Amino acid sequence: MSGRTLYLGLFAAGLLLAVLACQTVGGIVTPGDLSPTIVLSPTFASAPTPLATQASLSPSAETSSPVTPTPIIHTVQPGDTLLDLATHYGVPIAAIQLENGLGESTIIYVGQTLVIPAVSDWEGASPFWVVYEVKEGETLAEIARTYDLEPALLMEANSLTDPGELRPGDLLVLPLDSPAAAYLPTATPAPTSTPEPTPVPPTLSSPISPIESPVPTLPPATLPPGIADWPRELVRIINDVRAIHSLPPFVYNEALAQAAQAHADDCAGRGWCSHTGSDGSDVKARIMRAGYEPSGWAECWAQARDPGHAVEMWMDETPPDDPHRRTLLSTWVTEIGAGVVETTWGYYFIADFGRP
């Protein structure tokens, strides 16, 4: 389900060429590279027409004249997540997604304004109800089975009379009572084996064998003021996604951040990116020379427009072909550091993960 996810829909208009890659190491839940080129729809595009904008629940018994409630406008604050807002305002995540044209994305940004829909439109709904975008070839029965839902309940929540009505791009409300089990980490993905691409961005690299020999120490990297906050913003968004899945946040580690930033600068300096450094180093060697002694490690990289876009790309995968998603939702690694550097198009985002 590359290019598709319950939690991270794409927001912008037009088509955008973007890249990402991850590496699998040993028996640790770590990502591996995907296909050579990924074409994604940019963010902030108008979302597909939802099949249901509210749950099909019994109407209120009140017979008084309807009164249009004053909309609640919430400005996203540091630490806010969609689940937090849903719980606070007494509406499901899906209600906020649909009201604000988020599609199936669960990513929100500090300073973003969100319209909170009326509680009365969603009486009886769990905060965990979320939006799902139907993918090519999917059936209602398959979607229901994936999320352990009764098909009849899924049809009722979306006012469907015929399961054959589903079309790719339709938005379904999943009436869940707990975090989406289909998106929790599963087995460790097997390494892929693809040729190293021609070094012209944006492309993907193939996995490499771990390098145990010492490698030269690179000088500390610096960020221009305009994107100095982006590494931590990237981690914040990743931890928000983990919160939606009831997972603890990754701990920010400065050694991992130093290794990630040095690799981002290295990629920008040579004009293309992969998991192999220009000196032949792999992720384990890079984090070790930064002073981090790992028992588990992983790395994700993306050439993207902003931190939210990078996370969307990593999460936009379908099990079992979802190494990036499983890394972001992993419990095998516990710490993270990030690096960002500007390129001729967009930015390179490097996320290095570790377990001491």
# chains A, B, ... in the order shown; residues from 1 in each chain; ligands from 1
>>> residues_around(residues="Leu176 (chain A)", least_positions_apart="2", cutoff="10 Å", atoms="only C-alpha atoms", output="PyMOL selection string")
chain A and resi 92+125-130+147-149+154+173-174+178-181
>>> residues_around(residues="Pro78 (chain A)", least_positions_apart="3", cutoff="12 Å", atoms="only C-alpha atoms", output="PyMOL selection string")
chain A and resi 75+81+84+108-112+232-233+236-237+239-240
>>> write_last_selection(atoms="N, CA and C atoms", output="PDB file, in the first residue's frame")
ATOM      1  N   THR A  75      -6.269  26.645  17.683  1.00  0.00           N
ATOM      2  CA  THR A  75      -4.930  26.854  17.122  1.00  0.00           C
ATOM      3  C   THR A  75      -3.983  25.845  17.750  1.00  0.00           C
ATOM      4  N   THR A  81      -1.848  16.740  19.722  1.00  0.00           N
ATOM      5  CA  THR A  81      -2.047  15.695  18.734  1.00  0.00           C
ATOM      6  C   THR A  81      -3.536  15.629  18.408  1.00  0.00           C
ATOM      7  N   ASP A  84      -5.338  13.979  21.235  1.00  0.00           N
ATOM      8  CA  ASP A  84      -5.540  14.896  22.360  1.00  0.00           C
ATOM      9  C   ASP A  84      -6.736  15.805  22.112  1.00  0.00           C
ATOM     10  N   ILE A 108      -0.596  17.263  12.299  1.00  0.00           N
ATOM     11  CA  ILE A 108      -0.986  18.662  12.461  1.00  0.00           C
ATOM     12  C   ILE A 108       0.266  19.457  12.822  1.00  0.00           C
ATOM     13  N   TYR A 109       0.186  20.777  12.644  1.00  0.00           N
ATOM     14  CA  TYR A 109       1.351  21.643  12.790  1.00  0.00           C
ATOM     15  C   TYR A 109       1.087  22.720  13.824  1.00  0.00           C
ATOM     16  N   VAL A 110       2.130  23.075  14.554  1.00  0.00           N
ATOM     17  CA  VAL A 110       2.027  24.179  15.506  1.00  0.00           C
ATOM     18  C   VAL A 110       1.635  25.444  14.754  1.00  0.00           C
ATOM     19  N   GLY A 111       0.605  26.144  15.251  1.00  0.00           N
ATOM     20  CA  GLY A 111       0.104  27.347  14.610  1.00  0.00           C
ATOM     21  C   GLY A 111      -1.028  27.094  13.631  1.00  0.00           C
ATOM     22  N   GLN A 112      -1.273  25.861  13.268  1.00  0.00           N
ATOM     23  CA  GLN A 112      -2.365  25.524  12.345  1.00  0.00           C
ATOM     24  C   GLN A 112      -3.706  25.736  13.042  1.00  0.00           C
ATOM     25  N   ARG A 232      14.167  18.918  15.380  1.00  0.00           N
ATOM     26  CA  ARG A 232      13.288  18.614  16.518  1.00  0.00           C
ATOM     27  C   ARG A 232      11.817  18.635  16.113  1.00  0.00           C
ATOM     28  N   GLU A 233      11.463  19.451  15.123  1.00  0.00           N
ATOM     29  CA  GLU A 233      10.085  19.435  14.627  1.00  0.00           C
ATOM     30  C   GLU A 233       9.783  18.089  13.968  1.00  0.00           C
ATOM     31  N   ARG A 236       9.190  15.751  16.738  1.00  0.00           N
ATOM     32  CA  ARG A 236       7.910  16.039  17.374  1.00  0.00           C
ATOM     33  C   ARG A 236       6.763  15.404  16.603  1.00  0.00           C
ATOM     34  N   ILE A 237       6.781  15.546  15.269  1.00  0.00           N
ATOM     35  CA  ILE A 237       5.711  14.984  14.453  1.00  0.00           C
ATOM     36  C   ILE A 237       5.720  13.455  14.539  1.00  0.00           C
ATOM     37  N   ASN A 239       6.740  11.671  17.052  1.00  0.00           N
ATOM     38  CA  ASN A 239       6.205  11.301  18.360  1.00  0.00           C
ATOM     39  C   ASN A 239       4.707  11.533  18.457  1.00  0.00           C
ATOM     40  N   ASP A 240       4.180  12.527  17.728  1.00  0.00           N
ATOM     41  CA  ASP A 240       2.730  12.716  17.672  1.00  0.00           C
ATOM     42  C   ASP A 240       2.067  11.515  17.015  1.00  0.00           C
TER      43      ASP A 240
END
>>> select_by_dssp(residues="region 103-173 of chain A", states="helix (DSSP H, G or I)", output="ChimeraX atom specification")
/A:119-122,140-146,151-157,163-165
>>> atom_distance(atom1="CA of Pro319 (chain A)", atom2="CA of Leu102 (chain A)")
22.3 Å
>>> closest_residue(among="A:Val340, A:Ala268, A:Ile116, A:Ala259", to="Ser281 (chain A)", atoms="only C-alpha atoms")
A:Ala259
